[in-house]
file coords35.cif (mmCIF, C-alpha atoms, pLDDT in the B column; chains and numbers go by the auth columns)
data_data
loop_
_atom_site.group_PDB
_atom_site.id
_atom_site.type_symbol
_atom_site.label_atom_id
_atom_site.label_comp_id
_atom_site.label_asym_id
_atom_site.label_seq_id
_atom_site.Cartn_x
_atom_site.Cartn_y
_atom_site.Cartn_z
_atom_site.B_iso_or_equiv
_atom_site.auth_seq_id
_atom_site.auth_asym_id
ATOM 1 C CA MET A 1 5.501 -12.756 33.184 36.00 47 A
ATOM 2 C CA ARG A 2 9.211 -12.029 33.626 42.00 48 A
ATOM 3 C CA ASN A 3 10.843 -11.867 37.036 43.00 49 A
ATOM 4 C CA THR A 4 12.259 -8.354 36.858 48.00 50 A
ATOM 5 C CA HIS A 5 14.085 -8.788 40.173 62.00 51 A
ATOM 6 C CA ILE A 6 16.582 -11.181 38.595 68.00 52 A
ATOM 7 C CA GLU A 7 17.109 -8.698 35.752 82.00 53 A
ATOM 8 C CA SER A 8 17.713 -5.632 37.949 89.00 54 A
ATOM 9 C CA PHE A 9 21.106 -3.963 38.295 92.00 55 A
ATOM 10 C CA PRO A 10 21.738 -5.281 41.853 93.00 56 A
ATOM 11 C CA ALA A 11 20.726 -8.801 40.811 93.00 57 A
ATOM 12 C CA ARG A 12 23.030 -8.699 37.808 95.00 58 A
ATOM 13 C CA ILE A 13 25.931 -7.548 39.999 96.00 59 A
ATOM 14 C CA GLU A 14 25.135 -10.352 42.452 95.00 60 A
ATOM 15 C CA GLN A 15 25.282 -12.829 39.552 95.00 61 A
ATOM 16 C CA LYS A 16 28.729 -11.510 38.652 96.00 62 A
ATOM 17 C CA ILE A 17 29.885 -11.786 42.282 96.00 63 A
ATOM 18 C CA ASN A 18 28.690 -15.387 42.413 95.00 64 A
ATOM 19 C CA ALA A 19 30.313 -16.221 39.066 96.00 65 A
ATOM 20 C CA ALA A 20 33.604 -14.806 40.379 95.00 66 A
ATOM 21 C CA GLN A 21 33.168 -16.957 43.499 95.00 67 A
ATOM 22 C CA LEU A 22 33.469 -13.960 45.799 95.00 68 A
ATOM 23 C CA ASP A 23 31.883 -14.237 49.218 93.00 69 A
ATOM 24 C CA TYR A 24 29.611 -11.180 49.224 93.00 70 A
ATOM 25 C CA LYS A 25 25.880 -10.627 49.511 91.00 71 A
ATOM 26 C CA VAL A 26 24.158 -7.825 47.608 92.00 72 A
ATOM 27 C CA ILE A 27 21.531 -5.785 49.398 90.00 73 A
ATOM 28 C CA ASN A 28 19.385 -3.578 47.175 88.00 74 A
ATOM 29 C CA ALA A 29 18.444 -0.563 49.277 89.00 75 A
ATOM 30 C CA GLY A 30 17.079 1.369 46.308 84.00 76 A
ATOM 31 C CA LEU A 31 13.501 2.418 45.763 85.00 77 A
ATOM 32 C CA SER A 32 12.133 3.224 42.331 82.00 78 A
ATOM 33 C CA GLY A 33 11.612 6.963 41.992 83.00 79 A
ATOM 34 C CA ASP A 34 13.662 7.743 45.103 91.00 80 A
ATOM 35 C CA THR A 35 15.427 11.053 45.604 95.00 81 A
ATOM 36 C CA SER A 36 18.680 11.842 47.367 96.00 82 A
ATOM 37 C CA ALA A 37 16.629 13.116 50.338 97.00 83 A
ATOM 38 C CA GLY A 38 14.822 9.778 50.547 96.00 84 A
ATOM 39 C CA GLY A 39 18.132 7.935 50.506 96.00 85 A
ATOM 40 C CA LEU A 40 19.506 10.201 53.225 97.00 86 A
ATOM 41 C CA ASN A 41 16.423 9.563 55.358 96.00 87 A
ATOM 42 C CA ARG A 42 16.764 5.767 54.998 95.00 88 A
ATOM 43 C CA ILE A 43 20.534 5.303 55.221 95.00 89 A
ATOM 44 C CA ASN A 44 20.703 4.769 58.995 94.00 90 A
ATOM 45 C CA TYR A 45 18.431 1.739 58.664 92.00 91 A
ATOM 46 C CA TRP A 46 20.588 0.166 55.955 91.00 92 A
ATOM 47 C CA MET A 47 23.848 0.902 57.731 91.00 93 A
ATOM 48 C CA SER A 48 22.629 -0.991 60.803 89.00 94 A
ATOM 49 C CA GLN A 49 23.864 -4.064 58.900 85.00 95 A
ATOM 50 C CA PRO A 50 27.560 -4.790 58.343 86.00 96 A
ATOM 51 C CA ALA A 51 28.877 -3.796 54.925 91.00 97 A
ATOM 52 C CA ASP A 52 32.220 -4.039 53.143 93.00 98 A
ATOM 53 C CA VAL A 53 31.334 -2.098 49.990 95.00 99 A
ATOM 54 C CA PHE A 54 28.753 0.636 49.466 96.00 100 A
ATOM 55 C CA VAL A 55 27.546 1.628 45.986 96.00 101 A
ATOM 56 C CA LEU A 56 25.723 4.987 45.786 97.00 102 A
ATOM 57 C CA GLU A 57 23.465 5.557 42.791 95.00 103 A
ATOM 58 C CA LEU A 58 20.970 8.358 43.437 95.00 104 A
ATOM 59 C CA GLY A 59 20.170 11.803 42.161 92.00 105 A
ATOM 60 C CA ILE A 60 18.558 11.640 38.747 88.00 106 A
ATOM 61 C CA ASN A 61 15.071 11.694 40.273 90.00 107 A
ATOM 62 C CA ASP A 62 16.047 14.932 42.009 91.00 108 A
ATOM 63 C CA ILE A 63 16.333 16.548 38.575 87.00 109 A
ATOM 64 C CA ILE A 64 12.928 15.232 37.542 84.00 110 A
ATOM 65 C CA ARG A 65 11.510 16.865 40.689 90.00 111 A
ATOM 66 C CA ARG A 66 13.468 20.085 40.046 87.00 112 A
ATOM 67 C CA ILE A 67 15.586 19.802 43.187 93.00 113 A
ATOM 68 C CA SER A 68 18.638 22.026 42.984 93.00 114 A
ATOM 69 C CA PRO A 69 22.042 20.470 42.279 95.00 115 A
ATOM 70 C CA GLN A 70 23.300 22.025 45.520 96.00 116 A
ATOM 71 C CA THR A 71 20.613 20.201 47.531 97.00 117 A
ATOM 72 C CA THR A 72 21.327 16.945 45.719 97.00 118 A
ATOM 73 C CA GLN A 73 25.043 17.289 46.429 98.00 119 A
ATOM 74 C CA ARG A 74 24.384 18.086 50.099 98.00 120 A
ATOM 75 C CA ASN A 75 22.109 15.030 50.449 98.00 121 A
ATOM 76 C CA LEU A 76 24.562 12.701 48.714 98.00 122 A
ATOM 77 C CA GLN A 77 27.404 13.997 50.902 98.00 123 A
ATOM 78 C CA GLY A 78 25.167 13.399 53.931 98.00 124 A
ATOM 79 C CA ILE A 79 24.719 9.773 52.852 98.00 125 A
ATOM 80 C CA VAL A 80 28.477 9.347 52.400 98.00 126 A
ATOM 81 C CA ASP A 81 29.132 10.936 55.812 98.00 127 A
ATOM 82 C CA LYS A 82 26.681 8.595 57.555 97.00 128 A
ATOM 83 C CA VAL A 83 28.104 5.527 55.814 97.00 129 A
ATOM 84 C CA LYS A 84 31.673 6.498 56.752 96.00 130 A
ATOM 85 C CA ALA A 85 30.663 7.295 60.349 95.00 131 A
ATOM 86 C CA LYS A 86 29.169 3.831 60.744 94.00 132 A
ATOM 87 C CA ASN A 87 31.998 2.045 58.938 93.00 133 A
ATOM 88 C CA PRO A 88 35.176 4.115 58.396 93.00 134 A
ATOM 89 C CA ASN A 89 36.898 1.314 56.450 93.00 135 A
ATOM 90 C CA ILE A 90 34.106 0.706 53.945 95.00 136 A
ATOM 91 C CA LYS A 91 34.978 0.816 50.248 96.00 137 A
ATOM 92 C CA MET A 92 32.669 3.099 48.293 97.00 138 A
ATOM 93 C CA ALA A 93 31.670 3.621 44.681 97.00 139 A
ATOM 94 C CA MET A 94 29.755 6.547 43.211 98.00 140 A
ATOM 95 C CA MET A 95 27.525 5.908 40.209 97.00 141 A
ATOM 96 C CA GLY A 96 27.454 9.234 38.395 96.00 142 A
ATOM 97 C CA MET A 97 24.567 10.696 36.473 94.00 143 A
ATOM 98 C CA GLN A 98 24.688 13.272 33.703 91.00 144 A
ATOM 99 C CA LEU A 99 22.239 15.495 31.959 85.00 145 A
ATOM 100 C CA PRO A 100 22.543 15.281 28.184 72.00 146 A
ATOM 101 C CA GLY A 101 24.534 17.863 26.293 65.00 147 A
ATOM 102 C CA ILE A 102 21.358 19.049 24.576 60.00 148 A
ATOM 103 C CA ILE A 103 20.547 20.820 27.852 64.00 149 A
ATOM 104 C CA PRO A 104 23.328 23.426 27.883 63.00 150 A
ATOM 105 C CA SER A 105 22.915 25.454 31.043 81.00 151 A
ATOM 106 C CA ALA A 106 24.562 26.301 34.318 84.00 152 A
ATOM 107 C CA PHE A 107 22.051 23.945 35.953 83.00 153 A
ATOM 108 C CA ALA A 108 23.216 20.986 33.828 86.00 154 A
ATOM 109 C CA SER A 109 26.883 21.853 34.425 90.00 155 A
ATOM 110 C CA GLN A 110 26.313 22.061 38.176 92.00 156 A
ATOM 111 C CA PHE A 111 24.449 18.740 38.223 93.00 157 A
ATOM 112 C CA ASN A 112 27.033 16.942 36.073 93.00 158 A
ATOM 113 C CA ALA A 113 29.842 18.162 38.368 95.00 159 A
ATOM 114 C CA ILE A 114 28.291 16.661 41.541 97.00 160 A
ATOM 115 C CA TYR A 115 29.444 13.073 41.086 98.00 161 A
ATOM 116 C CA PRO A 116 33.117 13.543 40.212 98.00 162 A
ATOM 117 C CA ALA A 117 33.426 16.165 42.957 98.00 163 A
ATOM 118 C CA LEU A 118 31.918 13.892 45.605 98.00 164 A
ATOM 119 C CA ALA A 119 33.907 10.865 44.467 98.00 165 A
ATOM 120 C CA ASN A 120 37.135 12.868 44.546 98.00 166 A
ATOM 121 C CA ALA A 121 36.446 14.521 47.914 98.00 167 A
ATOM 122 C CA ASN A 122 35.530 11.197 49.519 98.00 168 A
ATOM 123 C CA GLN A 123 38.083 8.920 47.786 96.00 169 A
ATOM 124 C CA MET A 124 35.333 6.870 46.147 98.00 170 A
ATOM 125 C CA ALA A 125 35.582 4.832 42.978 98.00 171 A
ATOM 126 C CA LEU A 126 33.629 6.611 40.234 98.00 172 A
ATOM 127 C CA VAL A 127 31.548 5.486 37.315 97.00 173 A
ATOM 128 C CA ARG A 128 31.174 8.816 35.504 95.00 174 A
ATOM 129 C CA PHE A 129 27.811 8.018 33.895 96.00 175 A
ATOM 130 C CA PHE A 130 25.843 5.063 35.215 96.00 176 A
ATOM 131 C CA LEU A 131 23.509 5.006 32.190 94.00 177 A
ATOM 132 C CA ASP A 132 26.292 5.259 29.597 95.00 178 A
ATOM 133 C CA GLY A 133 25.331 3.379 26.449 94.00 179 A
ATOM 134 C CA VAL A 134 21.732 2.978 27.629 95.00 180 A
ATOM 135 C CA ALA A 135 20.304 6.466 28.168 92.00 181 A
ATOM 136 C CA GLY A 136 18.154 7.672 25.310 90.00 182 A
ATOM 137 C CA LYS A 137 17.944 4.269 23.598 94.00 183 A
ATOM 138 C CA ALA A 138 14.313 3.153 23.400 95.00 184 A
ATOM 139 C CA ASP A 139 15.172 -0.530 22.995 96.00 185 A
ATOM 140 C CA LEU A 140 17.178 -0.486 26.258 96.00 186 A
ATOM 141 C CA ASN A 141 14.631 1.338 28.399 92.00 187 A
ATOM 142 C CA LEU A 142 11.157 0.804 29.762 91.00 188 A
ATOM 143 C CA PRO A 143 8.291 2.592 27.992 91.00 189 A
ATOM 144 C CA ASP A 144 8.784 5.590 30.330 85.00 190 A
ATOM 145 C CA GLY A 145 12.068 6.241 28.509 83.00 191 A
ATOM 146 C CA LEU A 146 13.838 6.835 31.821 82.00 192 A
ATOM 147 C CA HIS A 147 14.454 3.473 33.424 86.00 193 A
ATOM 148 C CA PRO A 148 16.531 0.710 31.842 92.00 194 A
ATOM 149 C CA ASN A 149 14.908 -2.579 30.916 94.00 195 A
ATOM 150 C CA ALA A 150 16.539 -5.980 31.494 94.00 196 A
ATOM 151 C CA GLU A 151 18.849 -5.631 28.478 96.00 197 A
ATOM 152 C CA GLY A 152 19.764 -2.090 29.540 96.00 198 A
ATOM 153 C CA TYR A 153 20.690 -3.271 33.028 95.00 199 A
ATOM 154 C CA LYS A 154 22.793 -6.052 31.516 96.00 200 A
ATOM 155 C CA ILE A 155 24.828 -3.449 29.612 97.00 201 A
ATOM 156 C CA ILE A 156 25.132 -1.241 32.696 97.00 202 A
ATOM 157 C CA ALA A 157 26.211 -4.149 34.905 97.00 203 A
ATOM 158 C CA ASP A 158 28.850 -5.181 32.362 97.00 204 A
ATOM 159 C CA LYS A 159 30.281 -1.631 32.354 97.00 205 A
ATOM 160 C CA VAL A 160 30.091 -1.110 36.118 97.00 206 A
ATOM 161 C CA TRP A 161 31.321 -4.560 37.170 97.00 207 A
ATOM 162 C CA PRO A 162 35.060 -3.827 36.736 97.00 208 A
ATOM 163 C CA VAL A 163 34.790 -0.923 39.203 97.00 209 A
ATOM 164 C CA ILE A 164 32.879 -2.955 41.786 97.00 210 A
ATOM 165 C CA GLN A 165 35.042 -6.028 41.259 97.00 211 A
ATOM 166 C CA THR A 166 38.161 -3.996 42.005 96.00 212 A
ATOM 167 C CA LEU A 167 36.672 -2.887 45.322 96.00 213 A
ATOM 168 C CA LEU A 168 35.704 -6.448 46.247 95.00 214 A
ATOM 169 C CA VAL A 169 38.962 -8.098 45.223 90.00 215 A
ATOM 170 C CA ASN A 170 41.068 -5.427 46.916 79.00 216 A
ATOM 171 C CA ASN A 171 39.066 -5.637 50.139 61.00 217 A
ATOM 172 C CA PRO A 172 41.126 -6.951 53.058 57.00 218 A
ATOM 173 C CA GLU A 173 37.967 -8.572 54.462 54.00 219 A
ATOM 174 C CA SER A 174 37.621 -10.935 51.477 48.00 220 A
#
call {"tool": "encode", "arguments": {"input": "coords35.cif", "output": "structure tokens"}}
result
Amino acid sequence: MRNTHIESFPARIEQKINAAQLDYKVINAGLSGDTSAGGLNRINYWMSQPADVFVLELGINDIIRRISPQTTQRNLQGIVDKVKAKNPNIKMAMMGMQLPGIIPSAFASQFNAIYPALANANQMALVRFFLDGVAGKADLNLPDGLHPNAEGYKIIADKVWPVIQTLLVNNPES
């Protein structure tokens, strides 16, 4: 049986941090299937620990549960507000999600606009589409078709790493 922990996105980013010989520890605060409301409810616990960089990747499960884009945006902004209140100097990155273009609707447009708007309003680094190059590809996802497999997370980590690395290298604490 494979150890999926070492193949997860946070683990792959931690491997890259270690390879770059940067002195950071990765804490995976994510829960499979979590919504933005769940993240908002748990953020105080996670922010009780010191942090230099915060990576926010939530919201796609809201769509699966038919939560409105406005509620998702409000919850994500609430998370950002709580993180900034606890640590005003923290560097932050937003991992954006997008609904595919085959779903043309006001709902999809509203959802897709959440991430760039939040990143811009809060001066966060932005990855426009976290699942870019992986979404919709059966060989890069688990059988559910929604969650990346180990190879999918490797691709994602390779694409996201430059954004996170910039935050770590340009951090006055490092």
call {"tool": "closest_residue", "arguments": {"input": "coords35.cif", "among": "A:Asn74, A:Gln61, A:Gln144, A:Asn90", "to": "Lys132 in chain A", "atoms": "only C-alpha atoms"}}
result
A:Asn90
call {"tool": "atom_distance", "arguments": {"input": "coords35.cif", "atom1": "CA of Asp178 in chain A", "atom2": "CA of Ala152 in chain A"}}
result
21.6 Å
call {"tool": "closest_residue", "arguments": {"input": "coords35.cif", "among": "A:Asp98, A:Arg174, A:Lys128, A:Asn168", "to": "Asp69 in chain A", "atoms": "only C-alpha atoms"}}
result
A:Asp98
call {"tool": "resolve_selection", "arguments": {"input": "coords35.cif", "expression": "the PyMOL selection byres ((chain A and resi 153-159) around 12)", "output": "VMD selection string"}}
result
chain A and resid 105 to 109 112 to 120 141 to 152 160 to 166 174 to 176
call {"tool": "atom_distance", "arguments": {"input": "coords35.cif", "atom1": "CA of Glu60 in chain A", "atom2": "CA of Gly191 in chain A"}}
result
25.3 Å
call {"tool": "residues_around", "arguments": {"input": "coords35.cif", "residues": "range 181-189 of chain A", "least_positions_apart": "5", "cutoff": "9 Å", "atoms": "only C-alpha atoms", "output": "list of chain:residue names"}}
result
A:Pro194, A:Asn195, A:Ala196, A:Glu197, A:Gly198, A:Tyr199, A:Ile201
call {"tool": "atom_distance", "arguments": {"input": "coords35.cif", "atom1": "CA of Phe100 in chain A", "atom2": "CA of Met138 in chain A"}}
result
4.8 Å
call {"tool": "residues_around", "arguments": {"input": "coords35.cif", "residues": "Val101 in chain A", "least_positions_apart": "3", "cutoff": "12 Å", "atoms": "all atoms listed in the file", "output": "PyMOL selection string"}}
result
chain A and resi 55-56+59+72-76+97-98+104+122+125-126+129+136-142+165+170-173+176+206-207+209-211+213-214
call {"tool": "closest_residue", "arguments": {"input": "coords35.cif", "among": "A:Asn133, A:Asp127, A:Ala66, A:Gly79", "to": "Pro96 in chain A", "atoms": "all atoms listed in the file"}}
result
A:Asn133
call {"tool": "closest_residue", "arguments": {"input": "coords35.cif", "among": "A:Ala57, A:Ala65, A:Leu192, A:Leu102", "to": "Gly85 in chain A", "atoms": "all atoms listed in the file"}}
result
A:Leu102
call {"tool": "decode", "arguments": {"input": "coords35.cif", "residues": "range 110-202 of chain A", "atoms": "C-alpha atoms", "output": "PDB file, in the first residue's frame"}}
result
ATOM      1  CA  ILE A 110     -20.323  20.489  -4.965  1.00  0.00           C
ATOM      2  CA  ARG A 111     -22.624  21.305  -2.030  1.00  0.00           C
ATOM      3  CA  ARG A 112     -24.329  24.110  -3.989  1.00  0.00           C
ATOM      4  CA  ILE A 113     -23.166  26.877  -1.660  1.00  0.00           C
ATOM      5  CA  SER A 114     -23.480  30.269  -3.303  1.00  0.00           C
ATOM      6  CA  PRO A 115     -20.353  32.013  -4.604  1.00  0.00           C
ATOM      7  CA  GLN A 116     -21.211  34.974  -2.368  1.00  0.00           C
ATOM      8  CA  THR A 117     -21.150  32.750   0.737  1.00  0.00           C
ATOM      9  CA  THR A 118     -17.899  31.133  -0.365  1.00  0.00           C
ATOM     10  CA  GLN A 119     -16.313  34.541  -0.912  1.00  0.00           C
ATOM     11  CA  ARG A 120     -17.536  35.781   2.480  1.00  0.00           C
ATOM     12  CA  ASN A 121     -16.117  32.686   4.225  1.00  0.00           C
ATOM     13  CA  LEU A 122     -12.766  32.919   2.447  1.00  0.00           C
ATOM     14  CA  GLN A 123     -12.526  36.629   3.297  1.00  0.00           C
ATOM     15  CA  GLY A 124     -13.336  35.716   6.910  1.00  0.00           C
ATOM     16  CA  ILE A 125     -10.409  33.278   6.923  1.00  0.00           C
ATOM     17  CA  VAL A 126      -8.080  35.922   5.478  1.00  0.00           C
ATOM     18  CA  ASP A 127      -9.287  38.482   8.045  1.00  0.00           C
ATOM     19  CA  LYS A 128      -8.647  36.105  10.955  1.00  0.00           C
ATOM     20  CA  VAL A 129      -5.194  35.170   9.661  1.00  0.00           C
ATOM     21  CA  LYS A 130      -4.234  38.836   9.217  1.00  0.00           C
ATOM     22  CA  ALA A 131      -5.633  39.767  12.648  1.00  0.00           C
ATOM     23  CA  LYS A 132      -3.466  37.127  14.297  1.00  0.00           C
ATOM     24  CA  ASN A 133      -0.380  37.883  12.210  1.00  0.00           C
ATOM     25  CA  PRO A 134      -0.478  41.176  10.253  1.00  0.00           C
ATOM     26  CA  ASN A 135       2.911  40.526   8.615  1.00  0.00           C
ATOM     27  CA  ILE A 136       2.127  37.051   7.292  1.00  0.00           C
ATOM     28  CA  LYS A 137       2.686  36.389   3.591  1.00  0.00           C
ATOM     29  CA  MET A 138      -0.350  34.841   1.933  1.00  0.00           C
ATOM     30  CA  ALA A 139      -1.114  32.901  -1.225  1.00  0.00           C
ATOM     31  CA  MET A 140      -4.523  32.150  -2.710  1.00  0.00           C
ATOM     32  CA  MET A 141      -4.964  28.922  -4.653  1.00  0.00           C
ATOM     33  CA  GLY A 142      -7.743  29.701  -7.107  1.00  0.00           C
ATOM     34  CA  MET A 143     -10.379  27.325  -8.363  1.00  0.00           C
ATOM     35  CA  GLN A 144     -12.366  27.549 -11.577  1.00  0.00           C
ATOM     36  CA  LEU A 145     -15.434  25.942 -12.985  1.00  0.00           C
ATOM     37  CA  PRO A 146     -14.888  24.645 -16.507  1.00  0.00           C
ATOM     38  CA  GLY A 147     -15.963  26.706 -19.474  1.00  0.00           C
ATOM     39  CA  ILE A 148     -18.522  24.050 -20.388  1.00  0.00           C
ATOM     40  CA  ILE A 149     -20.634  25.465 -17.548  1.00  0.00           C
ATOM     41  CA  PRO A 150     -21.427  28.904 -18.985  1.00  0.00           C
ATOM     42  CA  SER A 151     -23.547  30.713 -16.435  1.00  0.00           C
ATOM     43  CA  ALA A 152     -23.599  33.674 -14.113  1.00  0.00           C
ATOM     44  CA  PHE A 153     -22.973  31.202 -11.281  1.00  0.00           C
ATOM     45  CA  ALA A 154     -19.726  29.964 -12.879  1.00  0.00           C
ATOM     46  CA  SER A 155     -18.605  33.530 -13.641  1.00  0.00           C
ATOM     47  CA  GLN A 156     -19.284  34.602 -10.059  1.00  0.00           C
ATOM     48  CA  PHE A 157     -17.410  31.598  -8.653  1.00  0.00           C
ATOM     49  CA  ASN A 158     -14.422  32.022 -10.982  1.00  0.00           C
ATOM     50  CA  ALA A 159     -14.140  35.711 -10.005  1.00  0.00           C
ATOM     51  CA  ILE A 160     -13.831  34.990  -6.249  1.00  0.00           C
ATOM     52  CA  TYR A 161     -10.145  34.090  -6.150  1.00  0.00           C
ATOM     53  CA  PRO A 162      -8.602  36.917  -8.176  1.00  0.00           C
ATOM     54  CA  ALA A 163     -10.833  39.418  -6.369  1.00  0.00           C
ATOM     55  CA  LEU A 164      -9.815  38.175  -2.923  1.00  0.00           C
ATOM     56  CA  ALA A 165      -6.138  37.944  -3.843  1.00  0.00           C
ATOM     57  CA  ASN A 166      -6.188  41.483  -5.225  1.00  0.00           C
ATOM     58  CA  ALA A 167      -8.141  42.977  -2.309  1.00  0.00           C
ATOM     59  CA  ASN A 168      -5.861  41.327   0.249  1.00  0.00           C
ATOM     60  CA  GLN A 169      -2.502  41.665  -1.569  1.00  0.00           C
ATOM     61  CA  MET A 170      -2.080  37.891  -1.759  1.00  0.00           C
ATOM     62  CA  ALA A 171      -0.036  35.943  -4.266  1.00  0.00           C
ATOM     63  CA  LEU A 172      -2.414  34.148  -6.638  1.00  0.00           C
ATOM     64  CA  VAL A 173      -2.368  30.847  -8.433  1.00  0.00           C
ATOM     65  CA  ARG A 174      -5.307  31.387 -10.794  1.00  0.00           C
ATOM     66  CA  PHE A 175      -6.273  27.709 -11.073  1.00  0.00           C
ATOM     67  CA  PHE A 176      -4.836  25.277  -8.550  1.00  0.00           C
ATOM     68  CA  LEU A 177      -5.827  22.225 -10.625  1.00  0.00           C
ATOM     69  CA  ASP A 178      -4.464  23.582 -13.916  1.00  0.00           C
ATOM     70  CA  GLY A 179      -3.182  20.744 -16.077  1.00  0.00           C
ATOM     71  CA  VAL A 180      -4.762  18.126 -13.808  1.00  0.00           C
ATOM     72  CA  ALA A 181      -8.509  18.790 -13.722  1.00  0.00           C
ATOM     73  CA  GLY A 182     -10.494  16.530 -16.001  1.00  0.00           C
ATOM     74  CA  LYS A 183      -7.600  14.143 -16.697  1.00  0.00           C
ATOM     75  CA  ALA A 184      -8.510  10.643 -15.517  1.00  0.00           C
ATOM     76  CA  ASP A 185      -4.897   9.483 -15.261  1.00  0.00           C
ATOM     77  CA  LEU A 186      -4.077  12.358 -12.866  1.00  0.00           C
ATOM     78  CA  ASN A 187      -7.069  11.972 -10.563  1.00  0.00           C
ATOM     79  CA  LEU A 188      -8.481   9.463  -8.131  1.00  0.00           C
ATOM     80  CA  PRO A 189     -11.392   7.312  -9.331  1.00  0.00           C
ATOM     81  CA  ASP A 190     -13.828   9.979  -8.046  1.00  0.00           C
ATOM     82  CA  GLY A 191     -12.588  12.215 -10.872  1.00  0.00           C
ATOM     83  CA  LEU A 192     -12.364  15.172  -8.493  1.00  0.00           C
ATOM     84  CA  HIS A 193      -9.261  14.732  -6.389  1.00  0.00           C
ATOM     85  CA  PRO A 194      -5.740  14.522  -7.808  1.00  0.00           C
ATOM     86  CA  ASN A 195      -3.716  11.355  -7.380  1.00  0.00           C
ATOM     87  CA  ALA A 196       0.001  11.319  -6.518  1.00  0.00           C
ATOM     88  CA  GLU A 197       1.060  12.179 -10.081  1.00  0.00           C
ATOM     89  CA  GLY A 198      -1.552  14.947 -10.230  1.00  0.00           C
ATOM     90  CA  TYR A 199      -0.255  16.479  -7.006  1.00  0.00           C
ATOM     91  CA  LYS A 200       3.290  16.308  -8.364  1.00  0.00           C
ATOM     92  CA  ILE A 201       2.221  18.409 -11.361  1.00  0.00           C
ATOM     93  CA  ILE A 202       0.322  20.846  -9.139  1.00  0.00           C
TER      94      ILE A 202
END
